[in-house]
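Have a look at coords35.pdb; it's PDB, C-alpha atoms, pLDDT in the B column:
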```
ATOM      1  CA  MET J   1      -3.374  16.569  10.971  1.00 38.00           C
ATOM      2  CA  PHE J   2      -2.938  15.003   7.533  1.00 35.00           C
ATOM      3  CA  ASN J   3      -4.580  11.807   6.367  1.00 41.00           C
ATOM      4  CA  PRO J   4      -2.223   9.609   4.324  1.00 39.00           C
ATOM      5  CA  LEU J   5      -4.472   6.599   4.291  1.00 39.00           C
ATOM      6  CA  GLY J   6      -6.588   7.321   1.244  1.00 37.00           C
ATOM      7  CA  PRO J   7      -9.515   5.099   0.227  1.00 34.00           C
ATOM      8  CA  PRO J   8     -10.205   1.792   2.020  1.00 35.00           C
ATOM      9  CA  LEU J   9      -7.906  -1.024   0.993  1.00 33.00           C
ATOM     10  CA  ASP J  10      -9.100  -4.342  -0.393  1.00 33.00           C
ATOM     11  CA  VAL J  11      -9.031  -7.733   1.270  1.00 30.00           C
ATOM     12  CA  LEU J  12      -5.810  -8.961   2.855  1.00 32.00           C
ATOM     13  CA  THR J  13      -3.574 -11.059   0.567  1.00 31.00           C
ATOM     14  CA  ARG J  14      -0.547 -13.230   1.199  1.00 35.00           C
ATOM     15  CA  THR J  15       2.979 -12.580  -0.001  1.00 34.00           C
ATOM     16  CA  LYS J  16       4.586 -14.736  -2.712  1.00 35.00           C
ATOM     17  CA  SER J  17       7.735 -15.179  -0.636  1.00 39.00           C
ATOM     18  CA  GLN J  18       9.039 -18.732  -0.303  1.00 40.00           C
ATOM     19  CA  SER J  19       8.979 -18.473   3.454  1.00 47.00           C
ATOM     20  CA  ARG J  20       6.135 -18.605   5.904  1.00 46.00           C
ATOM     21  CA  PRO J  21       5.320 -17.320   9.403  1.00 50.00           C
ATOM     22  CA  VAL J  22       4.921 -19.867  12.183  1.00 46.00           C
ATOM     23  CA  HIS J  23       2.656 -18.982  15.104  1.00 44.00           C
ATOM     24  CA  ARG J  24       4.082 -19.315  18.591  1.00 47.00           C
ATOM     25  CA  SER J  25       3.545 -17.815  22.011  1.00 42.00           C
ATOM     26  CA  SER J  26       5.000 -14.345  22.688  1.00 42.00           C
ATOM     27  CA  LYS J  27       6.501 -14.084  26.174  1.00 42.00           C
ATOM     28  CA  SER J  28       8.967 -11.224  25.792  1.00 41.00           C
ATOM     29  CA  THR J  29       7.118  -8.612  27.839  1.00 43.00           C
ATOM     30  CA  PRO J  30       4.304 -10.557  29.539  1.00 41.00           C
ATOM     31  CA  GLN J  31       1.476  -8.580  31.053  1.00 40.00           C
ATOM     32  CA  PRO J  32      -1.177 -10.441  33.032  1.00 41.00           C
ATOM     33  CA  LEU J  33      -4.741 -10.091  31.879  1.00 40.00           C
ATOM     34  CA  GLU J  34      -5.592  -8.632  35.273  1.00 46.00           C
ATOM     35  CA  ALA J  35      -3.576  -5.536  34.312  1.00 66.00           C
ATOM     36  CA  ALA J  36      -6.529  -4.409  32.200  1.00 78.00           C
ATOM     37  CA  SER J  37     -10.140  -3.997  33.260  1.00 84.00           C
ATOM     38  CA  PRO J  38     -12.788  -6.330  31.823  1.00 88.00           C
ATOM     39  CA  ALA J  39     -14.052  -3.408  29.745  1.00 88.00           C
ATOM     40  CA  GLY J  40     -10.553  -2.758  28.437  1.00 89.00           C
ATOM     41  CA  ARG J  41     -10.003  -6.400  27.516  1.00 92.00           C
ATOM     42  CA  ALA J  42     -13.380  -6.478  25.780  1.00 93.00           C
ATOM     43  CA  ALA J  43     -12.524  -3.332  23.810  1.00 94.00           C
ATOM     44  CA  ILE J  44      -9.226  -4.837  22.632  1.00 95.00           C
ATOM     45  CA  ALA J  45     -10.906  -8.124  21.697  1.00 94.00           C
ATOM     46  CA  LEU J  46     -13.507  -6.236  19.658  1.00 95.00           C
ATOM     47  CA  GLU J  47     -10.718  -4.295  17.925  1.00 96.00           C
ATOM     48  CA  TYR J  48      -9.097  -7.560  16.900  1.00 96.00           C
ATOM     49  CA  ALA J  49     -12.395  -9.017  15.697  1.00 95.00           C
ATOM     50  CA  SER J  50     -12.979  -5.873  13.621  1.00 95.00           C
ATOM     51  CA  LEU J  51      -9.888  -6.673  11.534  1.00 94.00           C
ATOM     52  CA  ARG J  52     -12.069  -9.175   9.674  1.00 92.00           C
ATOM     53  CA  ASN J  53     -13.626  -6.145   7.993  1.00 92.00           C
ATOM     54  CA  ARG J  54     -12.238  -5.917   4.456  1.00 87.00           C
ATOM     55  CA  SER J  55     -11.030  -2.334   4.900  1.00 91.00           C
ATOM     56  CA  HIS J  56      -9.606  -2.626   8.415  1.00 94.00           C
ATOM     57  CA  CYS J  57      -6.482  -4.756   8.016  1.00 92.00           C
ATOM     58  CA  PRO J  58      -4.077  -3.309   5.423  1.00 94.00           C
ATOM     59  CA  LEU J  59      -2.877  -5.465   2.556  1.00 93.00           C
ATOM     60  CA  GLY J  60       0.360  -7.270   3.354  1.00 94.00           C
ATOM     61  CA  LEU J  61      -0.007  -6.908   7.115  1.00 95.00           C
ATOM     62  CA  TYR J  62      -0.603  -9.858   9.454  1.00 94.00           C
ATOM     63  CA  VAL J  63      -1.574  -9.598  13.127  1.00 95.00           C
ATOM     64  CA  VAL J  64      -1.947 -12.187  15.890  1.00 94.00           C
ATOM     65  CA  PRO J  65      -2.524 -11.637  19.633  1.00 93.00           C
ATOM     66  CA  ALA J  66      -0.144 -13.220  22.115  1.00 90.00           C
ATOM     67  CA  VAL J  67      -1.257 -16.543  23.546  1.00 86.00           C
ATOM     68  CA  ASP J  68      -0.932 -15.420  27.166  1.00 87.00           C
ATOM     69  CA  THR J  69      -2.370 -11.879  26.979  1.00 90.00           C
ATOM     70  CA  ILE J  70      -4.702  -9.882  24.733  1.00 92.00           C
ATOM     71  CA  LEU J  71      -2.661  -6.776  25.611  1.00 94.00           C
ATOM     72  CA  ILE J  72       0.119  -7.697  23.173  1.00 95.00           C
ATOM     73  CA  TRP J  73      -0.272  -8.219  19.431  1.00 96.00           C
ATOM     74  CA  ASP J  74       2.498  -9.365  17.113  1.00 95.00           C
ATOM     75  CA  ALA J  75       2.489  -8.220  13.507  1.00 96.00           C
ATOM     76  CA  VAL J  76       4.428  -8.606  10.272  1.00 96.00           C
ATOM     77  CA  LEU J  77       4.396  -6.050   7.455  1.00 97.00           C
ATOM     78  CA  PHE J  78       5.429  -6.946   3.899  1.00 96.00           C
ATOM     79  CA  ILE J  79       6.410  -3.879   1.852  1.00 97.00           C
ATOM     80  CA  HIS J  80       6.350  -4.216  -1.935  1.00 94.00           C
ATOM     81  CA  GLN J  81       7.083  -0.707  -3.247  1.00 94.00           C
ATOM     82  CA  GLY J  82       9.038   2.438  -2.454  1.00 96.00           C
ATOM     83  CA  TYR J  83      12.268   3.000  -0.545  1.00 97.00           C
ATOM     84  CA  TYR J  84      11.655  -0.030   1.675  1.00 97.00           C
ATOM     85  CA  ALA J  85      10.540  -2.424  -1.080  1.00 97.00           C
ATOM     86  CA  ASP J  86      10.841  -6.136  -0.231  1.00 95.00           C
ATOM     87  CA  SER J  87      11.147  -5.458   3.502  1.00 96.00           C
ATOM     88  CA  ILE J  88       9.639  -7.963   5.929  1.00 95.00           C
ATOM     89  CA  LEU J  89       9.224  -6.008   9.162  1.00 96.00           C
ATOM     90  CA  LYS J  90       8.108  -7.437  12.487  1.00 95.00           C
ATOM     91  CA  PHE J  91       6.611  -5.237  15.185  1.00 96.00           C
ATOM     92  CA  LYS J  92       4.567  -5.423  18.378  1.00 95.00           C
ATOM     93  CA  LEU J  93       1.574  -3.476  19.625  1.00 97.00           C
ATOM     94  CA  THR J  94       1.263  -3.224  23.394  1.00 95.00           C
ATOM     95  CA  PHE J  95      -1.995  -1.933  24.833  1.00 96.00           C
ATOM     96  CA  PRO J  96      -2.191   0.137  28.034  1.00 93.00           C
ATOM     97  CA  SER J  97      -4.278  -1.180  30.904  1.00 89.00           C
ATOM     98  CA  ASN J  98      -6.791   1.654  30.415  1.00 91.00           C
ATOM     99  CA  TYR J  99      -7.298   1.195  26.660  1.00 94.00           C
ATOM    100  CA  PRO J 100      -9.047   2.851  24.793  1.00 93.00           C
ATOM    101  CA  GLU J 101      -8.234   5.939  26.840  1.00 94.00           C
ATOM    102  CA  ARG J 102      -4.634   5.792  25.584  1.00 94.00           C
ATOM    103  CA  PRO J 103      -3.293   4.361  22.297  1.00 96.00           C
ATOM    104  CA  PRO J 104      -1.201   1.204  21.999  1.00 97.00           C
ATOM    105  CA  THR J 105       2.560   1.583  21.743  1.00 97.00           C
ATOM    106  CA  VAL J 106       4.336   0.248  18.668  1.00 97.00           C
ATOM    107  CA  GLN J 107       7.817  -1.283  18.691  1.00 96.00           C
ATOM    108  CA  PHE J 108       9.632  -2.727  15.688  1.00 96.00           C
ATOM    109  CA  ILE J 109      11.714  -5.858  16.211  1.00 92.00           C
ATOM    110  CA  ASN J 110      13.825  -5.248  13.110  1.00 90.00           C
ATOM    111  CA  ASP J 111      16.494  -2.569  12.900  1.00 93.00           C
ATOM    112  CA  VAL J 112      14.729   0.017  10.734  1.00 97.00           C
ATOM    113  CA  PHE J 113      16.243   3.270   9.469  1.00 98.00           C
ATOM    114  CA  HIS J 114      13.190   5.530   9.429  1.00 98.00           C
ATOM    115  CA  PRO J 115      12.473   9.055  10.751  1.00 98.00           C
ATOM    116  CA  LEU J 116       9.660   7.823  13.026  1.00 98.00           C
ATOM    117  CA  ILE J 117      11.516   4.818  14.471  1.00 98.00           C
ATOM    118  CA  SER J 118      14.001   5.126  17.325  1.00 97.00           C
ATOM    119  CA  SER J 119      17.138   3.036  17.809  1.00 94.00           C
ATOM    120  CA  ASN J 120      15.213   0.669  20.122  1.00 93.00           C
ATOM    121  CA  GLY J 121      12.376   0.248  17.616  1.00 95.00           C
ATOM    122  CA  THR J 122       9.785   2.596  19.140  1.00 97.00           C
ATOM    123  CA  PHE J 123       7.486   4.008  16.450  1.00 98.00           C
ATOM    124  CA  SER J 124       6.074   7.549  16.735  1.00 98.00           C
ATOM    125  CA  LEU J 125       2.336   7.877  16.158  1.00 98.00           C
ATOM    126  CA  MET J 126       2.418  11.643  16.609  1.00 97.00           C
ATOM    127  CA  PRO J 127       2.067  12.716  12.930  1.00 97.00           C
ATOM    128  CA  GLN J 128      -1.287  10.962  12.670  1.00 96.00           C
ATOM    129  CA  PHE J 129      -2.563  10.982  16.256  1.00 96.00           C
ATOM    130  CA  ARG J 130      -1.617  14.329  17.730  1.00 92.00           C
ATOM    131  CA  ALA J 131      -4.369  13.803  20.270  1.00 94.00           C
ATOM    132  CA  TRP J 132      -5.720  10.280  20.711  1.00 96.00           C
ATOM    133  CA  ARG J 133      -9.521  10.265  20.785  1.00 96.00           C
ATOM    134  CA  PRO J 134     -11.004   7.191  22.512  1.00 93.00           C
ATOM    135  CA  ASN J 135     -13.740   5.449  20.529  1.00 88.00           C
ATOM    136  CA  GLN J 136     -12.974   7.650  17.515  1.00 94.00           C
ATOM    137  CA  HIS J 137      -9.483   6.353  16.851  1.00 96.00           C
ATOM    138  CA  HIS J 138      -9.034   2.608  16.561  1.00 96.00           C
ATOM    139  CA  VAL J 139      -6.276   0.043  16.181  1.00 97.00           C
ATOM    140  CA  PHE J 140      -7.003  -0.356  12.483  1.00 96.00           C
ATOM    141  CA  ASP J 141      -6.261   3.373  12.121  1.00 97.00           C
ATOM    142  CA  VAL J 142      -2.887   2.711  13.743  1.00 98.00           C
ATOM    143  CA  LEU J 143      -2.177  -0.227  11.435  1.00 97.00           C
ATOM    144  CA  HIS J 144      -3.004   1.788   8.326  1.00 97.00           C
ATOM    145  CA  PHE J 145      -0.744   4.610   9.466  1.00 98.00           C
ATOM    146  CA  ILE J 146       2.143   2.229  10.162  1.00 98.00           C
ATOM    147  CA  LYS J 147       1.952   0.931   6.602  1.00 97.00           C
ATOM    148  CA  ALA J 148       1.485   4.406   5.149  1.00 97.00           C
ATOM    149  CA  ALA J 149       4.535   5.733   7.036  1.00 98.00           C
ATOM    150  CA  PHE J 150       6.824   3.846   4.652  1.00 98.00           C
ATOM    151  CA  LYS J 151       5.404   5.631   1.598  1.00 97.00           C
ATOM    152  CA  ARG J 152       6.958   8.696   0.013  1.00 96.00           C
ATOM    153  CA  ASP J 153       3.922  10.964   0.347  1.00 96.00           C
ATOM    154  CA  VAL J 154       3.905  10.472   4.122  1.00 97.00           C
ATOM    155  CA  LEU J 155       7.672  10.771   4.463  1.00 97.00           C
ATOM    156  CA  ASP J 156       7.429  14.126   2.657  1.00 97.00           C
ATOM    157  CA  LYS J 157       4.971  15.473   5.251  1.00 96.00           C
ATOM    158  CA  ILE J 158       6.580  14.264   8.484  1.00 97.00           C
ATOM    159  CA  GLU J 159       7.744  17.099  10.759  1.00 97.00           C
ATOM    160  CA  GLU J 160      11.096  16.911  12.516  1.00 97.00           C
ATOM    161  CA  ALA J 161       9.528  17.490  15.937  1.00 97.00           C
ATOM    162  CA  ASP J 162       7.618  14.204  15.608  1.00 97.00           C
ATOM    163  CA  CYS J 163      10.666  12.168  14.589  1.00 98.00           C
ATOM    164  CA  LEU J 164      12.472   9.768  16.898  1.00 98.00           C
ATOM    165  CA  ASN J 165      15.374   9.437  14.442  1.00 98.00           C
ATOM    166  CA  LYS J 166      16.516  12.968  13.582  1.00 98.00           C
ATOM    167  CA  GLU J 167      19.385  11.658  11.452  1.00 97.00           C
ATOM    168  CA  ALA J 168      16.984   9.794   9.179  1.00 98.00           C
ATOM    169  CA  TYR J 169      14.777  12.870   8.904  1.00 98.00           C
ATOM    170  CA  LYS J 170      17.661  15.140   7.911  1.00 98.00           C
ATOM    171  CA  LEU J 171      19.108  12.637   5.484  1.00 97.00           C
ATOM    172  CA  TYR J 172      15.750  12.192   3.774  1.00 98.00           C
ATOM    173  CA  HIS J 173      15.570  15.933   3.077  1.00 97.00           C
ATOM    174  CA  GLU J 174      19.253  16.525   2.363  1.00 97.00           C
ATOM    175  CA  SER J 175      20.341  13.407   0.456  1.00 97.00           C
ATOM    176  CA  THR J 176      17.613  11.222  -0.966  1.00 94.00           C
ATOM    177  CA  THR J 177      20.180   8.891  -2.522  1.00 96.00           C
ATOM    178  CA  SER J 178      21.855   8.201   0.826  1.00 97.00           C
ATOM    179  CA  PHE J 179      18.495   7.732   2.524  1.00 98.00           C
ATOM    180  CA  ALA J 180      17.389   5.295  -0.174  1.00 97.00           C
ATOM    181  CA  ALA J 181      20.605   3.287   0.315  1.00 97.00           C
ATOM    182  CA  LEU J 182      19.973   2.943   4.052  1.00 97.00           C
ATOM    183  CA  ALA J 183      16.320   2.064   3.459  1.00 97.00           C
ATOM    184  CA  THR J 184      17.481  -0.657   1.062  1.00 97.00           C
ATOM    185  CA  GLN J 185      19.865  -1.866   3.762  1.00 96.00           C
ATOM    186  CA  THR J 186      16.880  -2.133   6.118  1.00 96.00           C
ATOM    187  CA  SER J 187      15.179  -4.353   3.559  1.00 96.00           C
ATOM    188  CA  SER J 188      18.261  -6.543   3.126  1.00 95.00           C
ATOM    189  CA  LEU J 189      18.707  -6.983   6.876  1.00 93.00           C
ATOM    190  CA  SER J 190      15.071  -7.969   7.261  1.00 93.00           C
ATOM    191  CA  HIS J 191      15.788 -11.000   5.061  1.00 90.00           C
ATOM    192  CA  SER J 192      18.787 -12.137   7.094  1.00 87.00           C
ATOM    193  CA  ASP J 193      18.622 -15.445   8.941  1.00 84.00           C
ATOM    194  CA  THR J 194      18.885 -13.597  12.249  1.00 82.00           C
ATOM    195  CA  ALA J 195      15.930 -11.300  11.541  1.00 84.00           C
ATOM    196  CA  LEU J 196      13.697 -13.616   9.536  1.00 83.00           C
ATOM    197  CA  TYR J 197      14.381 -17.038  10.991  1.00 80.00           C
ATOM    198  CA  GLU J 198      15.708 -15.908  14.385  1.00 69.00           C
ATOM    199  CA  LYS J 199      18.722 -18.234  14.232  1.00 63.00           C
ATOM    200  CA  ASP J 200      21.310 -16.160  16.067  1.00 54.00           C
ATOM    201  CA  GLN J 201      20.047 -16.599  19.624  1.00 50.00           C
ATOM    202  CA  LEU J 202      22.922 -14.594  21.128  1.00 47.00           C
ATOM    203  CA  SER J 203      22.010 -11.430  19.242  1.00 49.00           C
ATOM    204  CA  LEU J 204      18.308 -11.959  19.993  1.00 49.00           C
ATOM    205  CA  LYS J 205      18.738 -11.690  23.764  1.00 52.00           C
ATOM    206  CA  THR J 206      18.104  -7.944  23.583  1.00 58.00           C
ATOM    207  CA  LYS J 207      15.106  -8.353  21.265  1.00 61.00           C
ATOM    208  CA  PRO J 208      11.552  -9.127  22.415  1.00 65.00           C
ATOM    209  CA  LEU J 209      10.260 -12.523  21.322  1.00 71.00           C
ATOM    210  CA  HIS J 210       7.871 -12.446  18.379  1.00 74.00           C
ATOM    211  CA  ALA J 211       4.919 -14.799  17.900  1.00 71.00           C
ATOM    212  CA  MET J 212       5.465 -15.147  14.151  1.00 78.00           C
ATOM    213  CA  PRO J 213       8.957 -16.449  13.392  1.00 72.00           C
ATOM    214  CA  PHE J 214       9.529 -17.772   9.880  1.00 81.00           C
ATOM    215  CA  SER J 215      10.668 -21.154   8.647  1.00 80.00           C
ATOM    216  CA  LYS J 216      11.971 -22.005   5.206  1.00 80.00           C
ATOM    217  CA  LEU J 217       9.373 -23.604   2.994  1.00 80.00           C
ATOM    218  CA  LYS J 218      10.427 -26.788   1.251  1.00 85.00           C
ATOM    219  CA  VAL J 219      10.031 -26.803  -2.528  1.00 87.00           C
ATOM    220  CA  LYS J 220       7.706 -29.801  -2.335  1.00 88.00           C
ATOM    221  CA  THR J 221       5.500 -28.117   0.269  1.00 88.00           C
ATOM    222  CA  LEU J 222       5.429 -24.895  -1.749  1.00 84.00           C
ATOM    223  CA  LYS J 223       4.328 -26.809  -4.855  1.00 87.00           C
ATOM    224  CA  GLU J 224       1.592 -28.587  -2.930  1.00 88.00           C
ATOM    225  CA  GLU J 225       0.326 -25.303  -1.448  1.00 86.00           C
ATOM    226  CA  ARG J 226       0.304 -23.597  -4.858  1.00 87.00           C
ATOM    227  CA  GLU J 227      -1.678 -26.496  -6.319  1.00 89.00           C
ATOM    228  CA  ARG J 228      -4.112 -26.434  -3.409  1.00 89.00           C
ATOM    229  CA  LEU J 229      -4.716 -22.711  -3.889  1.00 86.00           C
ATOM    230  CA  GLY J 230      -4.885 -22.997  -7.672  1.00 87.00           C
ATOM    231  CA  LEU J 231      -1.873 -20.740  -8.247  1.00 82.00           C
ATOM    232  CA  LYS J 232       0.113 -20.982 -11.466  1.00 78.00           C
ATOM    233  CA  GLU J 233       3.795 -20.343 -12.124  1.00 73.00           C
ATOM    234  CA  TRP J 234       4.755 -17.110 -13.871  1.00 64.00           C
ATOM    235  CA  LYS J 235       6.106 -17.737 -17.373  1.00 62.00           C
ATOM    236  CA  MET J 236       8.164 -15.219 -19.254  1.00 54.00           C
ATOM    237  CA  ASP J 237       7.210 -14.598 -22.870  1.00 53.00           C
ATOM    238  CA  GLN J 238       9.734 -16.021 -25.297  1.00 45.00           C
TER
END
```
Please lay out the structure from this file as structure tokens.
Amino acid sequence: MFNPLGPPLDVLTRTKSQSRPVHRSSKSTPQPLEAASPAGRAAIALEYASLRNRSHCPLGLYVVPAVDTILIWDAVLFIHQGYYADSILKFKLTFPSNYPERPPTVQFINDVFHPLISSNGTFSLMPQFRAWRPNQHHVFDVLHFIKAAFKRDVLDKIEEADCLNKEAYKLYHESTTSFAALATQTSSLSHSDTALYEKDQLSLKTKPLHAMPFSKLKVKTLKEERERLGLKEWKMDQ
């Protein structure tokens, strides 16, 4: 098993995008709290609390549990470099009732062309967690691997047997240019009104509801927020 995660990452920071996530309830695949044992629910709650640790939640990744069940977390990943640069990718983590005996499942809401992501958004954890070890592997390990999976050094090491999208795997090794074009298309689609602001309700019927939809930020509100945070505008040298 390879470790693509490297040294611990620094404290979580916000994106500079002129859009913002809005918290709402996630009711796409509801699971009653009774589906998990008290010990399981406590373990998941502790995992979420542990994300306050500076090295546990990767930079550019935001996570919030569903309002109606601790068994579902909604997340958004902002990617700034590499093939998928500028992507804003939404995904869900769903915990089994016997967690931590089994790992959470990961499903992307966006359409993502990636070797480890199937056509329905399922993400393969196999390259990093060949055998899930309870109380040794944690959710923050999963989150770090999800982010790392979009980096070139991890893409280079993925084995075809672990891939849920064989076409993406073959294209990555046979035509980097074509793969890069489709990865860029993933990024572009993630900025569409349908994906980012969830405006096209008809096309969203087959997609699970996400707790962090985005709304456009008014220029006035953006200016006020920048002033409140003490941020300055970038100025190009003359």
Taking all atoms of region 147-163 of chain J that appear in the file, build a box with edges along x, y and z, extend it by 4 Å on every side, and state its centre and edge lengths in Å to one decimal, as lines of an AutoDock Vina configuration file.
```
center_x = 6.3
center_y = 9.2
center_z = 8.0
size_x = 17.6
size_y = 24.6
size_z = 23.9
```
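The interatomic distance for the pair CA of Asp162 (chain J) and CA of Ser118 (chain J) works out to 11.2 Å.
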Which residues would end up in the selection if the PyMOL selection byres ((chain J and resi 172-184) around 12) were applied here, given that I need the answer as a CSV table (one decimal) with C-alpha atoms, in the frame of the given file?
```csv
chain,number,residue,atom,x,y,z
J,79,ILE,CA,6.4,-3.9,1.9
J,81,GLN,CA,7.1,-0.7,-3.2
J,82,GLY,CA,9.0,2.4,-2.5
J,83,TYR,CA,12.3,3.0,-0.5
J,84,TYR,CA,11.7,0.0,1.7
J,85,ALA,CA,10.5,-2.4,-1.1
J,86,ASP,CA,10.8,-6.1,-0.2
J,87,SER,CA,11.1,-5.5,3.5
J,88,ILE,CA,9.6,-8.0,5.9
J,111,ASP,CA,16.5,-2.6,12.9
J,112,VAL,CA,14.7,0.0,10.7
J,113,PHE,CA,16.2,3.3,9.5
J,114,HIS,CA,13.2,5.5,9.4
J,115,PRO,CA,12.5,9.1,10.8
J,116,LEU,CA,9.7,7.8,13.0
J,150,PHE,CA,6.8,3.8,4.7
J,151,LYS,CA,5.4,5.6,1.6
J,152,ARG,CA,7.0,8.7,0.0
J,154,VAL,CA,3.9,10.5,4.1
J,155,LEU,CA,7.7,10.8,4.5
J,156,ASP,CA,7.4,14.1,2.7
J,157,LYS,CA,5.0,15.5,5.3
J,158,ILE,CA,6.6,14.3,8.5
J,159,GLU,CA,7.7,17.1,10.8
J,160,GLU,CA,11.1,16.9,12.5
J,163,CYS,CA,10.7,12.2,14.6
J,165,ASN,CA,15.4,9.4,14.4
J,166,LYS,CA,16.5,13.0,13.6
J,167,GLU,CA,19.4,11.7,11.5
J,168,ALA,CA,17.0,9.8,9.2
J,169,TYR,CA,14.8,12.9,8.9
J,170,LYS,CA,17.7,15.1,7.9
J,171,LEU,CA,19.1,12.6,5.5
J,185,GLN,CA,19.9,-1.9,3.8
J,186,THR,CA,16.9,-2.1,6.1
J,187,SER,CA,15.2,-4.4,3.6
J,188,SER,CA,18.3,-6.5,3.1
J,189,LEU,CA,18.7,-7.0,6.9
J,190,SER,CA,15.1,-8.0,7.3
J,191,HIS,CA,15.8,-11.0,5.1
```
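If you look at CA of Ala42 (chain J) and CA of Ser55 (chain J), they are 21.4 Å away from each other.
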For Lys90 (chain J), which residue out of J:Val139, J:Leu59, J:Ala75, J:Val64 is the nearest one, using all atoms listed in the file?
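That would be J:Ala75, the residue with the smallest distance to Lys90 (chain J).
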CA of Leu231 (chain J) to CA of His56 (chain J): how many Å, to one decimal?
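One can read the CA of Leu231 (chain J) to CA of His56 (chain J) distance as 25.8 Å.
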Using all atoms listed in the file, find all polymer residues with an atom at most 9 Å away from the point (-7.9, -11.8, 21.1); report them as a list of chain:residue names.
J:Arg41, J:Ala42, J:Ile44, J:Ala45, J:Leu46, J:Glu47, J:Tyr48, J:Ala49, J:Val64, J:Pro65, J:Ala66, J:Val67, J:Thr69, J:Ile70, J:Leu71, J:Trp73
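Applied to this file, the PyMOL selection byres ((chain J and resi 95) around 6) selects Leu71, Thr94, Pro96 and Pro104 of chain J.
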Would you pick out the contacts of Leu77 (chain J) at 6 Å or less, using only C-alpha atoms, so that residues sharing its chain but fewer than 5 positions from it are not included, and give the list as a list in words?
Gly60, Leu61, Ile88 and Leu89 of chain J
Export, as a CSV table (one decimal), in the coordinates of the input, the selected residues with C-alpha atoms.
```csv
chain,number,residue,atom,x,y,z
J,60,GLY,CA,0.4,-7.3,3.4
J,61,LEU,CA,0.0,-6.9,7.1
J,88,ILE,CA,9.6,-8.0,5.9
J,89,LEU,CA,9.2,-6.0,9.2
```
